[in-house]
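Have a look at run-v2.cif below; it lists mmCIF, C-alpha atoms.
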data_protein
loop_
_atom_site.group_PDB
_atom_site.id
_atom_site.type_symbol
_atom_site.label_atom_id
_atom_site.label_comp_id
_atom_site.auth_asym_id
_atom_site.auth_seq_id
_atom_site.Cartn_x
_atom_site.Cartn_y
_atom_site.Cartn_z
ATOM 1 C CA MET A 1 13.601 14.195 -10.302
ATOM 2 C CA SER A 2 12.314 11.262 -8.282
ATOM 3 C CA PHE A 3 9.748 8.810 -9.551
ATOM 4 C CA ARG A 4 6.585 8.907 -7.458
ATOM 5 C CA LEU A 5 3.794 6.390 -7.251
ATOM 6 C CA SER A 6 1.448 8.825 -5.578
ATOM 7 C CA PHE A 7 -1.324 7.922 -8.011
ATOM 8 C CA LEU A 8 -1.465 4.505 -6.269
ATOM 9 C CA ARG A 9 -1.991 5.987 -2.800
ATOM 10 C CA PRO A 10 -5.833 6.175 -3.051
ATOM 11 C CA LEU A 11 -5.905 2.467 -3.933
ATOM 12 C CA LEU A 12 -4.422 1.614 -0.540
ATOM 13 C CA HIS A 13 -7.523 2.840 1.290
ATOM 14 C CA LEU A 14 -10.333 0.948 -0.444
ATOM 15 C CA ASN A 15 -12.915 -1.218 1.246
ATOM 16 C CA PRO A 16 -11.230 -4.518 2.218
ATOM 17 C CA TRP A 17 -13.967 -6.435 0.417
ATOM 18 C CA VAL A 18 -12.905 -4.757 -2.839
ATOM 19 C CA TYR A 19 -9.382 -6.060 -2.287
ATOM 20 C CA LEU A 20 -10.689 -9.499 -1.436
ATOM 21 C CA LEU A 21 -13.024 -9.792 -4.424
ATOM 22 C CA THR A 22 -10.282 -8.599 -6.770
ATOM 23 C CA ALA A 23 -7.880 -11.100 -5.181
ATOM 24 C CA GLY A 24 -10.414 -13.858 -5.860
ATOM 25 C CA VAL A 25 -10.661 -12.873 -9.523
ATOM 26 C CA ALA A 26 -6.864 -12.824 -9.768
ATOM 27 C CA GLU A 27 -6.818 -16.310 -8.227
ATOM 28 C CA MET A 28 -9.109 -17.512 -11.008
ATOM 29 C CA GLY A 29 -6.640 -15.957 -13.437
ATOM 30 C CA PHE A 30 -3.569 -17.636 -12.007
ATOM 31 C CA THR A 31 -5.175 -21.080 -11.924
ATOM 32 C CA SER A 32 -6.404 -20.687 -15.503
ATOM 33 C CA PHE A 33 -3.024 -19.481 -16.743
ATOM 34 C CA MET A 34 -1.374 -22.361 -14.916
ATOM 35 C CA LYS A 35 -3.564 -24.763 -16.923
ATOM 36 C CA LEU A 36 -2.841 -22.902 -20.167
ATOM 37 C CA SER A 37 0.911 -22.960 -19.499
ATOM 38 C CA ASN A 38 0.927 -26.710 -20.206
ATOM 39 C CA GLY A 39 3.132 -27.645 -17.274
ATOM 40 C CA PHE A 40 4.896 -24.256 -17.229
ATOM 41 C CA GLN A 41 6.216 -24.783 -20.762
ATOM 42 C CA ARG A 42 4.593 -21.737 -22.393
ATOM 43 C CA TRP A 43 6.307 -18.538 -21.275
ATOM 44 C CA THR A 44 3.505 -16.099 -22.017
ATOM 45 C CA TYR A 45 1.149 -18.010 -19.739
ATOM 46 C CA ASN A 46 3.905 -18.475 -17.147
ATOM 47 C CA ILE A 47 4.303 -14.695 -16.911
ATOM 48 C CA LEU A 48 0.531 -14.143 -16.728
ATOM 49 C CA PHE A 49 0.344 -16.820 -14.029
ATOM 50 C CA ALA A 50 3.031 -15.046 -11.978
ATOM 51 C CA VAL A 51 1.411 -11.606 -12.351
ATOM 52 C CA CYS A 52 -2.002 -12.909 -11.289
ATOM 53 C CA ALA A 53 -0.534 -14.909 -8.397
ATOM 54 C CA LEU A 54 1.379 -11.915 -7.035
ATOM 55 C CA LEU A 55 -1.655 -9.675 -7.455
ATOM 56 C CA SER A 56 -3.920 -12.211 -5.765
ATOM 57 C CA PHE A 57 -1.674 -12.760 -2.751
ATOM 58 C CA GLY A 58 -0.921 -9.042 -2.435
ATOM 59 C CA LEU A 59 -4.594 -8.087 -2.440
ATOM 60 C CA LEU A 60 -5.424 -10.897 -0.018
ATOM 61 C CA ASN A 61 -2.769 -9.442 2.270
ATOM 62 C CA LEU A 62 -4.302 -5.952 2.008
ATOM 63 C CA SER A 63 -7.768 -7.331 2.799
ATOM 64 C CA THR A 64 -6.526 -8.916 6.032
ATOM 65 C CA ARG A 65 -5.682 -5.469 7.401
ATOM 66 C CA SER A 66 -9.383 -5.071 8.208
ATOM 67 C CA LEU A 67 -10.964 -8.514 7.785
ATOM 68 C CA SER A 68 -10.256 -11.514 9.949
ATOM 69 C CA LEU A 69 -7.769 -13.938 8.442
ATOM 70 C CA GLY A 70 -10.205 -16.855 8.572
ATOM 71 C CA THR A 71 -12.959 -14.972 6.774
ATOM 72 C CA ALA A 72 -10.628 -13.510 4.157
ATOM 73 C CA TYR A 73 -8.994 -16.851 3.425
ATOM 74 C CA ALA A 74 -12.318 -18.709 3.257
ATOM 75 C CA VAL A 75 -13.805 -16.175 0.838
ATOM 76 C CA TRP A 76 -10.620 -16.042 -1.265
ATOM 77 C CA THR A 77 -10.350 -19.809 -1.631
ATOM 78 C CA GLY A 78 -14.099 -20.174 -2.137
ATOM 79 C CA MET A 79 -14.174 -17.587 -4.902
ATOM 80 C CA GLY A 80 -11.142 -19.153 -6.505
ATOM 81 C CA ALA A 81 -12.586 -22.661 -6.300
ATOM 82 C CA PHE A 82 -15.984 -21.617 -7.659
ATOM 83 C CA GLY A 83 -14.602 -19.408 -10.410
ATOM 84 C CA THR A 84 -11.970 -21.931 -11.453
ATOM 85 C CA ALA A 85 -14.598 -24.688 -11.586
ATOM 86 C CA VAL A 86 -16.829 -22.535 -13.797
ATOM 87 C CA ILE A 87 -13.889 -21.637 -16.053
ATOM 88 C CA GLY A 88 -13.008 -25.331 -16.239
ATOM 89 C CA ILE A 89 -16.552 -26.190 -17.316
ATOM 90 C CA VAL A 90 -16.854 -23.356 -19.832
ATOM 91 C CA MET A 91 -13.341 -23.207 -21.297
ATOM 92 C CA PHE A 92 -11.743 -26.596 -20.698
ATOM 93 C CA GLY A 93 -14.671 -28.985 -21.030
ATOM 94 C CA ASP A 94 -14.686 -30.152 -17.405
ATOM 95 C CA PRO A 95 -17.754 -32.272 -16.532
ATOM 96 C CA MET A 96 -20.862 -30.530 -15.234
ATOM 97 C CA GLY A 97 -23.235 -32.648 -13.198
ATOM 98 C CA PHE A 98 -26.022 -31.954 -10.743
ATOM 99 C CA GLY A 99 -23.878 -32.766 -7.699
ATOM 100 C CA ARG A 100 -21.069 -30.503 -8.813
ATOM 101 C CA LEU A 101 -23.418 -27.577 -9.508
ATOM 102 C CA PHE A 102 -25.242 -28.146 -6.215
ATOM 103 C CA PHE A 103 -22.087 -28.005 -4.130
ATOM 104 C CA LEU A 104 -20.682 -25.047 -6.058
ATOM 105 C CA THR A 105 -23.943 -23.239 -5.280
ATOM 106 C CA THR A 106 -23.634 -24.055 -1.574
ATOM 107 C CA LEU A 107 -20.081 -22.729 -1.698
ATOM 108 C CA ILE A 108 -21.302 -19.374 -2.995
ATOM 109 C CA ALA A 109 -24.078 -19.313 -0.374
ATOM 110 C CA SER A 110 -21.432 -19.859 2.313
ATOM 111 C CA ILE A 111 -19.287 -17.016 0.968
ATOM 112 C CA ILE A 112 -22.296 -14.681 1.005
ATOM 113 C CA GLY A 113 -23.064 -15.816 4.557
ATOM 114 C CA LEU A 114 -19.528 -14.984 5.673
ATOM 115 C CA LYS A 115 -19.942 -11.483 4.237
ATOM 116 C CA PHE A 116 -23.066 -10.969 6.328
ATOM 117 C CA VAL A 117 -21.522 -12.128 9.598
ATOM 118 C CA SER A 118 -18.179 -10.353 9.156
#
Show me the file's structure as structure tokens.
Amino acid sequence: MSFRLSFLRPLLHLNPWVYLLTAGVAEMGFTSFMKLSNGFQRWTYNILFAVCALLSFGLLNLSTRSLSLGTAYAVWTGMGAFGTAVIGIVMFGDPMGFGRLFFLTTLIASIIGLKFVS
């Protein structure tokens, strides 16, 4: 009896934006777990970091099958930067000023703009 992963086959044909958005969320996960690992000294967070990083890069790769590399990378890094900044503010006590919020907002507006022109 051979082990089959046929249940994963439908996941390989999703909209590339689904892959990209999920990759962005996984990027937020790996940066947060990297912070929580305390310099890669806490093994549970190290493992979670690795899982999220592999998932993020794998899904980014799948998204570039249909999306241009420049658009996919810009959206992926933008989502990761925005989400990680918000997580830093909410969970880690990072500073929150007008300038920071303004430029994070323009980052999101740029990501939305890329979706419309791609």
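Among A:Asn15, A:Thr22, A:Ser66, A:Ser32, the residue with the shortest atom-to-atom distance to Val86 (chain A), counting all atoms listed in the file, is A:Ser32.
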Q: Give as an MDAnalysis selection string the residues that the PyMOL selection byres ((chain A and resi 115) around 12) matches when applied to the coordinates above.
A: chainID A and resid 16:17 20:21 67:68 70:72 74:76 108:114 116:118
(Q) Using Å and a single decimal, report how far CA of Phe49 (chain A) sits from CA of Thr31 (chain A). (A) 7.3 Å
Non-local contacts of Ala85 (chain A) (12 Å; only C-alpha atoms; under 3 positions in same chain excluded) as a JSON list (two decimals) with C-alpha atoms, in the frame of the given file:
[["chain", "number", "residue", "atom", "x", "y", "z"],
["A", 27, "GLU", "CA", -6.82, -16.31, -8.23],
["A", 28, "MET", "CA", -9.11, -17.51, -11.01],
["A", 29, "GLY", "CA", -6.64, -15.96, -13.44],
["A", 31, "THR", "CA", -5.18, -21.08, -11.92],
["A", 32, "SER", "CA", -6.40, -20.69, -15.50],
["A", 77, "THR", "CA", -10.35, -19.81, -1.63],
["A", 78, "GLY", "CA", -14.10, -20.17, -2.14],
["A", 79, "MET", "CA", -14.17, -17.59, -4.90],
["A", 80, "GLY", "CA", -11.14, -19.15, -6.50],
["A", 81, "ALA", "CA", -12.59, -22.66, -6.30],
["A", 82, "PHE", "CA", -15.98, -21.62, -7.66],
["A", 88, "GLY", "CA", -13.01, -25.33, -16.24],
["A", 89, "ILE", "CA", -16.55, -26.19, -17.32],
["A", 90, "VAL", "CA", -16.85, -23.36, -19.83],
["A", 91, "MET", "CA", -13.34, -23.21, -21.30],
["A", 92, "PHE", "CA", -11.74, -26.60, -20.70],
["A", 93, "GLY", "CA", -14.67, -28.98, -21.03],
["A", 94, "ASP", "CA", -14.69, -30.15, -17.40],
["A", 95, "PRO", "CA", -17.75, -32.27, -16.53],
["A", 96, "MET", "CA", -20.86, -30.53, -15.23],
["A", 97, "GLY", "CA", -23.24, -32.65, -13.20],
["A", 100, "ARG", "CA", -21.07, -30.50, -8.81],
["A", 101, "LEU", "CA", -23.42, -27.58, -9.51],
["A", 103, "PHE", "CA", -22.09, -28.00, -4.13],
["A", 104, "LEU", "CA", -20.68, -25.05, -6.06],
["A", 105, "THR", "CA", -23.94, -23.24, -5.28],
["A", 107, "LEU", "CA", -20.08, -22.73, -1.70]]
Q: Using the chain letters and residue numbers of this document, give as a PyMOL selection string the residues selected by the PyMOL selection byres ((chain A and resi 53-62) around 7).
A: chain A and resi 19-20+23-24+26-27+30+49-52+63-65
Q) Can you tell me how far CA of Ile87 (chain A) sits from CA of Trp43 (chain A), in Å to one decimal? A)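 A separation of 21.1 Å between them.
With CA of Arg42 (chain A) on one side and CA of Tyr73 (chain A) on the other, the separation reads 29.6 Å.
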Put the listed atoms of region 66-73 of chain A in a box along x, y and z with 4 Å added on every side and give me the centre and edge lengths in Å to one decimal, as JSON.
{"center_x": -10.4, "center_y": -11.0, "center_z": 6.7, "size_x": 13.2, "size_y": 19.8, "size_z": 14.5}
